[in-house]
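Raw run39.cif, mmCIF, C-alpha atoms:
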data_my_file
#
loop_
_atom_site.group_PDB
_atom_site.id
_atom_site.type_symbol
_atom_site.label_atom_id
_atom_site.label_comp_id
_atom_site.auth_asym_id
_atom_site.auth_seq_id
_atom_site.Cartn_x
_atom_site.Cartn_y
_atom_site.Cartn_z
ATOM 1 C CA MET V 1 28.841 83.426 14.011
ATOM 2 C CA VAL V 2 30.211 80.003 13.153
ATOM 3 C CA GLY V 3 28.123 78.266 10.505
ATOM 4 C CA SER V 4 24.355 78.458 10.314
ATOM 5 C CA TRP V 5 21.963 79.284 13.154
ATOM 6 C CA ARG V 6 19.652 76.480 11.933
ATOM 7 C CA TRP V 7 21.826 73.898 13.698
ATOM 8 C CA ASN V 8 21.371 75.746 16.973
ATOM 9 C CA VAL V 9 17.596 75.943 16.516
ATOM 10 C CA THR V 10 17.400 72.270 15.535
ATOM 11 C CA LEU V 11 19.332 71.149 18.602
ATOM 12 C CA GLY V 12 17.312 73.535 20.787
ATOM 13 C CA VAL V 13 14.016 72.127 19.519
ATOM 14 C CA GLY V 14 15.317 68.567 19.981
ATOM 15 C CA GLY V 15 16.296 69.253 23.590
ATOM 16 C CA SER V 16 12.995 71.007 24.196
ATOM 17 C CA LEU V 17 11.037 68.020 22.866
ATOM 18 C CA LEU V 18 13.025 65.593 25.010
ATOM 19 C CA THR V 19 12.341 67.733 28.054
ATOM 20 C CA PHE V 20 8.657 67.922 27.160
ATOM 21 C CA PHE V 21 8.229 64.157 26.864
ATOM 22 C CA PHE V 22 10.191 63.341 30.020
ATOM 23 C CA SER V 23 8.594 66.091 32.103
ATOM 24 C CA LEU V 24 4.948 65.781 31.027
ATOM 25 C CA GLY V 25 4.277 62.612 33.023
ATOM 26 C CA SER V 26 5.287 64.056 36.386
ATOM 27 C CA ASN V 27 4.432 67.778 35.960
ATOM 28 C CA GLY V 28 1.564 69.887 34.755
ATOM 29 C CA LEU V 29 1.403 71.551 31.363
ATOM 30 C CA ALA V 30 2.463 74.981 32.666
ATOM 31 C CA ILE V 31 5.586 73.684 34.458
ATOM 32 C CA THR V 32 6.444 71.439 31.501
ATOM 33 C CA SER V 33 6.147 74.348 29.062
ATOM 34 C CA LEU V 34 8.395 76.530 31.219
ATOM 35 C CA ARG V 35 10.990 73.758 31.435
ATOM 36 C CA CYS V 36 10.799 73.289 27.649
ATOM 37 C CA LEU V 37 11.544 76.987 27.184
ATOM 38 C CA TYR V 38 14.543 76.738 29.528
ATOM 39 C CA ALA V 39 15.737 73.565 27.762
ATOM 40 C CA PHE V 40 15.488 75.287 24.373
ATOM 41 C CA ALA V 41 17.619 78.191 25.585
ATOM 42 C CA ALA V 42 20.169 75.861 27.188
ATOM 43 C CA PHE V 43 20.492 73.556 24.174
ATOM 44 C CA PHE V 44 20.669 76.545 21.810
ATOM 45 C CA ALA V 45 23.541 78.035 23.820
ATOM 46 C CA LEU V 46 25.340 74.691 24.227
ATOM 47 C CA ALA V 47 25.122 74.042 20.479
ATOM 48 C CA PHE V 48 26.614 77.458 19.776
ATOM 49 C CA VAL V 49 29.491 76.839 22.210
ATOM 50 C CA PHE V 50 30.055 73.343 20.834
ATOM 51 C CA ARG V 51 30.197 74.641 17.262
ATOM 52 C CA ILE V 52 32.727 77.352 18.177
ATOM 53 C CA VAL V 53 34.965 74.781 19.893
ATOM 54 C CA ALA V 54 34.630 72.362 16.956
ATOM 55 C CA ALA V 55 35.484 75.128 14.471
ATOM 56 C CA SER V 56 38.619 76.010 16.415
ATOM 57 C CA ILE V 57 39.733 72.369 16.645
ATOM 58 C CA PHE V 58 38.905 71.394 13.062
ATOM 59 C CA PRO V 59 39.881 74.179 10.651
ATOM 60 C CA PRO V 60 37.883 74.482 7.418
ATOM 61 C CA VAL V 61 39.067 72.252 4.606
ATOM 62 C CA THR V 62 40.425 74.028 1.566
ATOM 63 C CA SER V 63 39.534 72.671 -1.832
ATOM 64 C CA ALA V 64 42.133 71.112 -4.113
ATOM 65 C CA ALA V 65 41.473 73.762 -6.770
ATOM 66 C CA ALA V 66 42.244 76.585 -4.336
ATOM 67 C CA THR V 67 45.458 74.826 -3.294
ATOM 68 C CA GLU V 68 46.569 74.455 -6.913
ATOM 69 C CA GLN V 69 45.907 78.106 -7.646
ATOM 70 C CA THR V 70 47.899 79.355 -4.671
ATOM 71 C CA GLY V 71 50.778 76.942 -5.342
ATOM 72 C CA ASP V 72 51.224 76.155 -1.640
ATOM 73 C CA GLU V 73 53.531 73.129 -1.446
ATOM 74 C CA SER V 74 52.800 72.357 2.218
ATOM 75 C CA ALA V 75 49.076 71.843 1.525
ATOM 76 C CA LYS V 76 49.615 69.177 -1.126
ATOM 77 C CA GLY V 77 48.178 65.808 -0.206
ATOM 78 C CA GLN V 78 45.776 67.248 2.360
ATOM 79 C CA SER V 79 42.612 66.859 0.298
ATOM 80 C CA VAL V 80 41.312 64.399 -2.263
ATOM 81 C CA ASP V 81 39.754 65.428 -5.559
ATOM 82 C CA TYR V 82 37.054 62.873 -6.346
ATOM 83 C CA ALA V 83 36.273 64.271 -9.798
ATOM 84 C CA THR V 84 36.790 61.793 -12.609
ATOM 85 C CA PRO V 85 38.037 63.221 -15.894
ATOM 86 C CA ASP V 86 35.684 62.823 -18.828
ATOM 87 C CA GLN V 87 37.086 60.099 -21.095
ATOM 88 C CA SER V 88 33.907 59.101 -22.874
ATOM 89 C CA ASP V 89 35.415 59.672 -26.347
ATOM 90 C CA GLU V 90 38.343 57.356 -25.624
ATOM 91 C CA LEU V 91 36.011 54.734 -24.173
ATOM 92 C CA ASN V 92 33.733 54.887 -27.229
ATOM 93 C CA GLU V 93 36.719 54.461 -29.562
ATOM 94 C CA LEU V 94 37.969 51.488 -27.562
ATOM 95 C CA LEU V 95 34.536 49.865 -27.639
ATOM 96 C CA LYS V 96 34.217 50.443 -31.404
ATOM 97 C CA HIS V 97 37.584 48.800 -32.047
ATOM 98 C CA GLN V 98 36.693 45.913 -29.764
ATOM 99 C CA MET V 99 33.373 45.327 -31.527
ATOM 100 C CA ASP V 100 35.164 45.303 -34.883
ATOM 101 C CA GLY V 101 37.776 42.860 -33.558
ATOM 102 C CA ASN V 102 40.567 45.371 -34.205
ATOM 103 C CA VAL V 103 41.973 45.649 -30.710
ATOM 104 C CA VAL V 104 45.360 47.331 -30.775
ATOM 105 C CA LEU V 105 47.539 47.770 -27.720
ATOM 106 C CA GLU V 106 49.217 51.069 -26.840
ATOM 107 C CA SER V 107 52.488 49.696 -28.204
ATOM 108 C CA GLY V 108 50.817 49.080 -31.571
ATOM 109 C CA GLN V 109 50.957 45.267 -31.335
ATOM 110 C CA GLU V 110 48.037 42.924 -31.742
ATOM 111 C CA PRO V 111 47.178 41.155 -28.489
ATOM 112 C CA ASN V 112 47.747 37.415 -28.504
ATOM 113 C CA PHE V 113 45.278 35.725 -26.178
ATOM 114 C CA GLN V 114 46.335 32.525 -24.464
ATOM 115 C CA PRO V 115 43.963 30.819 -22.052
ATOM 116 C CA LEU V 116 45.272 29.673 -18.699
ATOM 117 C CA LYS V 117 46.416 26.065 -18.455
ATOM 118 C CA PRO V 118 46.305 25.150 -14.773
ATOM 119 C CA PRO V 119 48.105 21.970 -13.660
ATOM 120 C CA LYS V 120 45.944 18.897 -13.288
ATOM 121 C CA LEU V 121 45.075 17.606 -9.832
ATOM 122 C CA VAL V 122 46.922 14.490 -8.707
ATOM 123 C CA SER V 123 44.824 11.473 -7.854
ATOM 124 C CA THR V 124 45.479 9.456 -4.660
ATOM 125 C CA GLN V 125 43.968 6.188 -5.892
ATOM 126 C CA ASN V 126 47.235 4.343 -6.633
ATOM 127 C CA ARG V 127 49.283 5.670 -3.696
ATOM 128 C CA ASP V 128 50.852 3.700 -0.902
ATOM 129 C CA PRO V 129 48.596 3.808 2.218
ATOM 130 C CA GLU V 130 51.595 4.401 4.480
ATOM 131 C CA ASP V 131 52.582 7.502 2.479
ATOM 132 C CA LEU V 132 49.027 8.819 2.810
ATOM 133 C CA ALA V 133 49.043 8.148 6.560
ATOM 134 C CA LYS V 134 52.377 10.000 6.906
ATOM 135 C CA ALA V 135 50.985 12.947 4.994
ATOM 136 C CA ILE V 136 47.863 13.074 7.183
ATOM 137 C CA ARG V 137 49.959 12.809 10.358
ATOM 138 C CA HIS V 138 52.186 15.608 9.114
ATOM 139 C CA LEU V 139 49.230 17.862 8.301
ATOM 140 C CA THR V 140 47.440 17.223 11.601
ATOM 141 C CA GLY V 141 50.638 17.604 13.644
ATOM 142 C CA GLY V 142 50.354 14.118 15.165
#
Show me, as structure tokens, the structure contained in the file I just sent.
Amino acid sequence: MVGSWRWNVTLGVGGSLLTFFFSLGSNGLAITSLRCLYAFAAFFALAFVFRIVAASIFPPVTSAAATEQTGDESAKGQSVDYATPDQSDELNELLKHQMDGNVVLESGQEPNFQPLKPPKLVSTQNRDPEDLAKAIRHLTGG
């Protein structure tokens, strides 16, 4: 059997409940109950068929650890390992050095901090009005 039978039961119960609510208004309780039983069987079977087809279309994903152990080159790049290596010791050391003010780069040099010096904005107060009009016409395409 493909996967767990709980999926089949869940979908069967869901289909049975839908049938119950839609059928109760126009039928008696006995007919509605019989239709719910038929709906459960139908949805259970359809879920089983759907899961078999889905399993044949989408093969199970192998883990990255299993791929590394087998050494299969064609399977590389097919899965992503989301585990982050534990680097808490390195982070603590870096934070200690930063708190002390002894920050050292990997190359062994002291970092020299230089703040950004963006260029100053140009004022348009003492410009020729015709130059400004040309610039506006150029920007607006007129």
Discussion item. Using Å and a single decimal, report how far CA of Phe43 in chain V sits from CA of Pro60 in chain V.
Written reply: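 Those two atoms sit 24.2 Å apart.
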Practice prompt. Can you work out the spacing between CA of Arg6 in chain V and CA of Pro59 in chain V in Å, to one decimal?
Written response: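 Going from CA of Arg6 in chain V over to CA of Pro59 in chain V covers 20.4 Å.
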Worksheet entry | Output of the PyMOL selection byres ((chain V and resi 12) around 10), listed as a list of chain:residue names |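 In the shown coordinates, the PyMOL selection byres ((chain V and resi 12) around 10) covers V:Arg6, V:Trp7, V:Asn8, V:Val9, V:Thr10, V:Leu11, V:Val13, V:Gly14, V:Gly15, V:Ser16, V:Leu17, V:Leu18, V:Cys36, V:Leu37, V:Tyr38, V:Ala39, V:Phe40, V:Ala41, V:Ala42, V:Phe43, V:Phe44, V:Ala45, V:Leu46, V:Ala47.
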Worksheet item: So how far away is CA of Val49 in chain V from CA of Ala30 in chain V, in Å?
Response: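 So the answer is 29.0 Å.
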